[in-house]
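Q: The structure under discussion is supplied below as structure tokens; questions concerning it will follow.
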Amino acid sequence: MSQHDNDTTATAPPSTLSISSRTLQTLDPCVILMKQIISQHASKWENDPQGIFSLAQGVVHWRPPNSAYEALSRAVQENMEPQNISNSGGTSYGMDGAIGGGDGRLIHTYCPDEGYPPLLTALKDKLQTENGLQNPHVMVTSGANQAYVNCVLTLLDERDEMGNISKCVVFEPYYFNHVMAVQSTRGGGLCGGNAAASAAATDAKSVEGLLVGPTTEGVPDLAWLRSQLEDHKYGNDDAGNAIRMVTLVNPGNPTGVSLPHAFLEEITQLTKEYGVWLVMDNTYEHFDVEKKNKLSDEEKDNDTFACFDEEHVINIFSFSKGFAMAGFRVGYIALSSKNGETGRGTNAYEEMLKIQDTIAICTSRISQMAALGALQAGREWVYEQVKTLGTGRAAILEAMSSLEEIIGGNGAMYLMGKLPDGVDDQEFASLLVEHYGVAVIPGSFCGLPGWIRVCYSNLPPEDCKIAASRLKKGILELAATK
């Protein structure tokens with residue numbers, strides 16, 4: 001022990017060791033909060049055969065396809081083969097990471113920032129045949145959340161060329177991680193509350209970096225959006241707009257609402273008219289339960305999910321939900337290549353590579369190999385898994401039937417319900433775990449205090465029915481106390 005270690009008069013750390021106001025004003029991560037509450041009450045339920053059921057985090061009950069694990073197994077096996085190990089004990093590999101014999105020997109290395117080349121090739125083919133995007137620029141990210149952060153950091157300024165704070169639009173109820181991305185990088189502590197009722201949530205001057213728009217039964221208000229786009233124009237139509245990007249999740253998280261194709265077309269044209277980016281989060285593309293995103297009834301028989309191949313549209317996708325690969329952390333972004341080197345999509349892609357290199361450099365190579373294997377299972381494999389959700393969806397709908405208002409159920413994996421007036425959603429969620437052994441997400445974290453978000457894909461059908469019975473009992477008894 002040094003003399004300094006024994007010195008009780010050593011100067012205390014300065015009080016100026018501060019945390020950024022952006023971070024302090026960012027929403028607390030509600031999934032972590034619910035896991036902590038579950039852990040806090042786990043001992044109370046340890047003698048129950050089922051324990052506590054979680055209907056909180058948006059995960060699926062199935063496992064990734066076998067083809068994903070087979071790809072992993074091949075890669076690891078090739079990495080262990082003697083001929084792939086150099087005499088010095090290191091690994092012999094090329095710089096380009098091209099697929100071929102012995103590709104497994106590369107699993108410990110970086111791959112190109114934009115992604116593992118064989119996966120990029122497969123994704124471009126998928127995007128063309130299943131999503132209608134022609135030869136887009138593709139960037140693989142560590143999940144769809146990182147993809148969105150890439151967009152925020154690439155597209156938003158603190159102050160733009162006109163000296164104004166550039167804005168991002170989200171619609172309420174919103175996906176909490178989208179709001180957290182903007183808050184933590186651009187600020188926005190006043191975001192929240194009901195957009196239709198809270199002046200603070202809709203006043204552009206009081207919310208730095210964020211504009212929160214209202215919805216009706218989970219459908220964004222395009223009249224509100226048009227008015228905001230008009231209000232934030234700089235002079236003439238060619239001068240630009242303080243609103244830089246509009247965010248839309250479809251099918252919706254947390255709403256559980258799948259938006260019609262005509263609506264998607266309208267918002268695409270509206271954002272194009274005003275020259276702002278439209279960031280479409282298609283994480284739940286496989287969960288368009290009622291096939292709303294179709295051009296016609298005749299198209300409902302095909303297995304595509306139409307996206308808009310426009311220069312101003314950035315599409316985000318994920319392997320976490322349909323392919324059940326949440327822990328592998330693989331998402332991807334598709335940006336338009338229209339107008340070649342001078343295109344706005346091309347420019348955004350090239351600039352976004354700076355963000356990619358700063359945050360992740362690249363997504364784990366072995367995760368990308370697994371994702372490539374998963375793609376081989378095909379869209380039909382995912383749809384077969386999604387069909388198993390019908391039982392749980394029906395059970396949760398019935399459990400929530402006593403609530404005044406319910407939205408969702410025709411897209412993604414969520415339902416939202418309005419609690420009786422006077423019921424605090426966060427307190428309700430905590431009591432639900434403690435006394436009824438089931439967890440949900442409080443609506444406050446999505447901008448809707450007094451509501452709850454319930455995920456019906458977490459559990460196999462029979463378990464989901466048990467969780468639904470607990471939820472129903474909790475709603476009837478806890479709500480009755482108010």
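Residue numbering restarts at 1 for every chain of the structure tokens, chains are lettered A, B, ... in their displayed order, and ligands are numbered from 1 as they appear.
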Residues of stretch 144-167 of chain A that have any atom at most 8 Å from an atom of stretch 227-251 of chain A: could you tabulate them with the shortest-distance atom pair and the distance in Å to one decimal, using only C-alpha atoms, ordered by chain and increasing number, as a Markdown table?
A:
| residue | atom | partner | partner_atom | distance |
| --- | --- | --- | --- | --- |
| A:Leu155 | CA | A:Arg244 | CA | 6.8 |
| A:Leu156 | CA | A:Arg244 | CA | 6.5 |
| A:Asp160 | CA | A:Ala242 | CA | 7.6 |
| A:Asn164 | CA | A:Ala242 | CA | 6.6 |
| A:Ile165 | CA | A:Ala242 | CA | 6.8 |
| A:Ser166 | CA | A:Ala242 | CA | 4.9 |
| A:Lys167 | CA | A:Ile243 | CA | 4.5 |
Q: Pull all heavy atoms from the residues just selected and write them as a PDB file, in the first residue's frame.
A:
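Done, and the output landed in part_15.pdb:
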ATOM      1  N   LEU A 155     -28.565  12.603 -39.897  1.00  0.00           N
ATOM      2  CA  LEU A 155     -29.517  13.533 -40.508  1.00  0.00           C
ATOM      3  C   LEU A 155     -29.801  14.790 -39.693  1.00  0.00           C
ATOM      4  O   LEU A 155     -30.182  15.813 -40.267  1.00  0.00           O
ATOM      5  CB  LEU A 155     -30.845  12.803 -40.772  1.00  0.00           C
ATOM      6  CG  LEU A 155     -30.767  11.533 -41.622  1.00  0.00           C
ATOM      7  CD1 LEU A 155     -32.154  10.937 -41.799  1.00  0.00           C
ATOM      8  CD2 LEU A 155     -30.124  11.813 -42.971  1.00  0.00           C
ATOM      9  N   LEU A 156     -29.658  14.743 -38.364  1.00  0.00           N
ATOM     10  CA  LEU A 156     -30.050  15.885 -37.532  1.00  0.00           C
ATOM     11  C   LEU A 156     -28.859  16.750 -37.146  1.00  0.00           C
ATOM     12  O   LEU A 156     -27.810  16.235 -36.770  1.00  0.00           O
ATOM     13  CB  LEU A 156     -30.750  15.407 -36.260  1.00  0.00           C
ATOM     14  CG  LEU A 156     -32.094  14.701 -36.414  1.00  0.00           C
ATOM     15  CD1 LEU A 156     -32.672  14.399 -35.036  1.00  0.00           C
ATOM     16  CD2 LEU A 156     -33.078  15.525 -37.233  1.00  0.00           C
ATOM     17  N   ASP A 160     -29.250  24.022 -37.797  1.00  0.00           N
ATOM     18  CA  ASP A 160     -29.027  23.850 -39.224  1.00  0.00           C
ATOM     19  C   ASP A 160     -28.445  25.118 -39.841  1.00  0.00           C
ATOM     20  O   ASP A 160     -28.086  26.076 -39.152  1.00  0.00           O
ATOM     21  CB  ASP A 160     -30.322  23.427 -39.921  1.00  0.00           C
ATOM     22  CG  ASP A 160     -31.424  24.461 -39.777  1.00  0.00           C
ATOM     23  OD1 ASP A 160     -31.109  25.643 -39.546  1.00  0.00           O
ATOM     24  OD2 ASP A 160     -32.603  24.082 -39.899  1.00  0.00           O
ATOM     25  N   ASN A 164     -31.525  27.359 -37.067  1.00  0.00           N
ATOM     26  CA  ASN A 164     -32.650  26.797 -36.324  1.00  0.00           C
ATOM     27  C   ASN A 164     -32.344  25.372 -35.874  1.00  0.00           C
ATOM     28  O   ASN A 164     -31.583  24.653 -36.526  1.00  0.00           O
ATOM     29  CB  ASN A 164     -33.909  26.792 -37.195  1.00  0.00           C
ATOM     30  CG  ASN A 164     -34.358  28.194 -37.557  1.00  0.00           C
ATOM     31  OD1 ASN A 164     -34.653  29.005 -36.699  1.00  0.00           O
ATOM     32  ND2 ASN A 164     -34.390  28.479 -38.854  1.00  0.00           N
ATOM     33  N   ILE A 165     -32.955  24.971 -34.774  1.00  0.00           N
ATOM     34  CA  ILE A 165     -32.813  23.603 -34.289  1.00  0.00           C
ATOM     35  C   ILE A 165     -33.534  22.667 -35.250  1.00  0.00           C
ATOM     36  O   ILE A 165     -34.714  22.841 -35.532  1.00  0.00           O
ATOM     37  CB  ILE A 165     -33.407  23.467 -32.874  1.00  0.00           C
ATOM     38  CG1 ILE A 165     -32.627  24.320 -31.887  1.00  0.00           C
ATOM     39  CG2 ILE A 165     -33.422  22.010 -32.432  1.00  0.00           C
ATOM     40  CD1 ILE A 165     -33.278  24.437 -30.522  1.00  0.00           C
ATOM     41  N   SER A 166     -32.821  21.677 -35.775  1.00  0.00           N
ATOM     42  CA  SER A 166     -33.471  20.731 -36.689  1.00  0.00           C
ATOM     43  C   SER A 166     -34.289  19.723 -35.887  1.00  0.00           C
ATOM     44  O   SER A 166     -33.914  19.334 -34.777  1.00  0.00           O
ATOM     45  CB  SER A 166     -32.446  20.025 -37.573  1.00  0.00           C
ATOM     46  OG  SER A 166     -31.522  19.285 -36.808  1.00  0.00           O
ATOM     47  N   LYS A 167     -35.408  19.323 -36.466  1.00  0.00           N
ATOM     48  CA  LYS A 167     -36.405  18.542 -35.736  1.00  0.00           C
ATOM     49  C   LYS A 167     -36.581  17.138 -36.314  1.00  0.00           C
ATOM     50  O   LYS A 167     -36.436  16.912 -37.511  1.00  0.00           O
ATOM     51  CB  LYS A 167     -37.762  19.249 -35.799  1.00  0.00           C
ATOM     52  CG  LYS A 167     -37.766  20.682 -35.276  1.00  0.00           C
ATOM     53  CD  LYS A 167     -37.735  20.718 -33.762  1.00  0.00           C
ATOM     54  CE  LYS A 167     -37.902  22.142 -33.251  1.00  0.00           C
ATOM     55  NZ  LYS A 167     -37.921  22.208 -31.792  1.00  0.00           N
TER      56      LYS A 167
END
Q: Which one is closest to A:Glu208: A:Lys124, A:Lys35, A:Arg22, A:Arg226? Count only C-alpha atoms.
A: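 Of A:Lys124, A:Lys35, A:Arg22, A:Arg226, the one nearest A:Glu208 is A:Arg22, counting only C-alpha atoms.
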Q: Near A:Glu285, counting only C-alpha atoms, which residues have an atom at most 9 Å away, once you skip same-chain residues fewer than 4 positions from it, shown as an NGL selection string?
A: :A and (250-251 or 281 or 305 or 317-318 or 322 or 411-412)
Q: Which residues are near A:Asn66? Cut-off 12 Å, only C-alpha atoms, ignore same chain within fewer than 5 positions. Put them as a tab-separated table (two decimals) with N, CA, C and O atoms, in the first residue's frame.
A:
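The file below, selection.tsv, is the result:
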chain	number	residue	atom	x	y	z
A	71	ALA	N	-25.25	-22.59	-40.13
A	71	ALA	CA	-24.24	-21.65	-40.63
A	71	ALA	C	-23.20	-21.36	-39.55
A	71	ALA	O	-21.99	-21.29	-39.83
A	72	LEU	N	-23.66	-21.22	-38.31
A	72	LEU	CA	-22.73	-21.00	-37.20
A	72	LEU	C	-21.80	-22.19	-37.02
A	72	LEU	O	-20.59	-22.04	-36.84
A	73	SER	N	-22.38	-23.37	-37.05
A	73	SER	CA	-21.60	-24.59	-36.84
A	73	SER	C	-20.52	-24.75	-37.91
A	73	SER	O	-19.37	-25.07	-37.61
A	323	PHE	N	-37.15	-13.64	-37.36
A	323	PHE	CA	-36.17	-14.73	-37.33
A	323	PHE	C	-35.70	-15.05	-35.92
A	323	PHE	O	-34.81	-15.88	-35.73
A	324	ALA	N	-36.26	-14.38	-34.91
A	324	ALA	CA	-36.01	-14.70	-33.50
A	324	ALA	C	-34.53	-14.58	-33.12
A	324	ALA	O	-34.04	-15.32	-32.28
A	325	MET	N	-33.84	-13.60	-33.71
A	325	MET	CA	-32.39	-13.49	-33.51
A	325	MET	C	-32.03	-12.25	-32.69
A	325	MET	O	-30.99	-11.62	-32.91
A	370	ALA	N	-24.69	-15.99	-39.19
A	370	ALA	CA	-25.92	-16.64	-38.74
A	370	ALA	C	-27.13	-16.04	-39.44
A	370	ALA	O	-28.06	-16.76	-39.81
A	371	ALA	N	-27.13	-14.73	-39.62
A	371	ALA	CA	-28.24	-14.06	-40.31
A	371	ALA	C	-28.34	-14.53	-41.75
A	371	ALA	O	-29.45	-14.74	-42.28
A	372	LEU	N	-27.20	-14.71	-42.40
A	372	LEU	CA	-27.21	-15.23	-43.77
A	372	LEU	C	-27.82	-16.62	-43.80
A	372	LEU	O	-28.61	-16.94	-44.69
A	373	GLY	N	-27.48	-17.44	-42.82
A	373	GLY	CA	-28.08	-18.76	-42.73
A	373	GLY	C	-29.58	-18.68	-42.51
A	373	GLY	O	-30.36	-19.42	-43.11
A	374	ALA	N	-30.02	-17.75	-41.65
A	374	ALA	CA	-31.45	-17.59	-41.37
A	374	ALA	C	-32.23	-17.22	-42.62
A	374	ALA	O	-33.34	-17.71	-42.84
A	375	LEU	N	-31.66	-16.36	-43.44
A	375	LEU	CA	-32.36	-15.94	-44.67
A	375	LEU	C	-32.69	-17.13	-45.56
A	375	LEU	O	-33.69	-17.11	-46.30
A	376	GLN	N	-31.87	-18.16	-45.50
A	376	GLN	CA	-32.09	-19.33	-46.35
A	376	GLN	C	-33.37	-20.06	-45.97
A	376	GLN	O	-33.94	-20.80	-46.78
A	377	ALA	N	-33.85	-19.85	-44.74
A	377	ALA	CA	-35.11	-20.49	-44.32
A	377	ALA	C	-36.29	-19.87	-45.06
A	377	ALA	O	-37.33	-20.52	-45.23
A	378	GLY	N	-36.16	-18.62	-45.44
A	378	GLY	CA	-37.19	-17.98	-46.26
A	378	GLY	C	-38.30	-17.31	-45.46
A	378	GLY	O	-38.50	-17.57	-44.27
A	381	TRP	N	-41.02	-19.54	-43.78
A	381	TRP	CA	-40.69	-20.11	-42.46
A	381	TRP	C	-41.16	-19.15	-41.37
A	381	TRP	O	-41.75	-19.57	-40.37
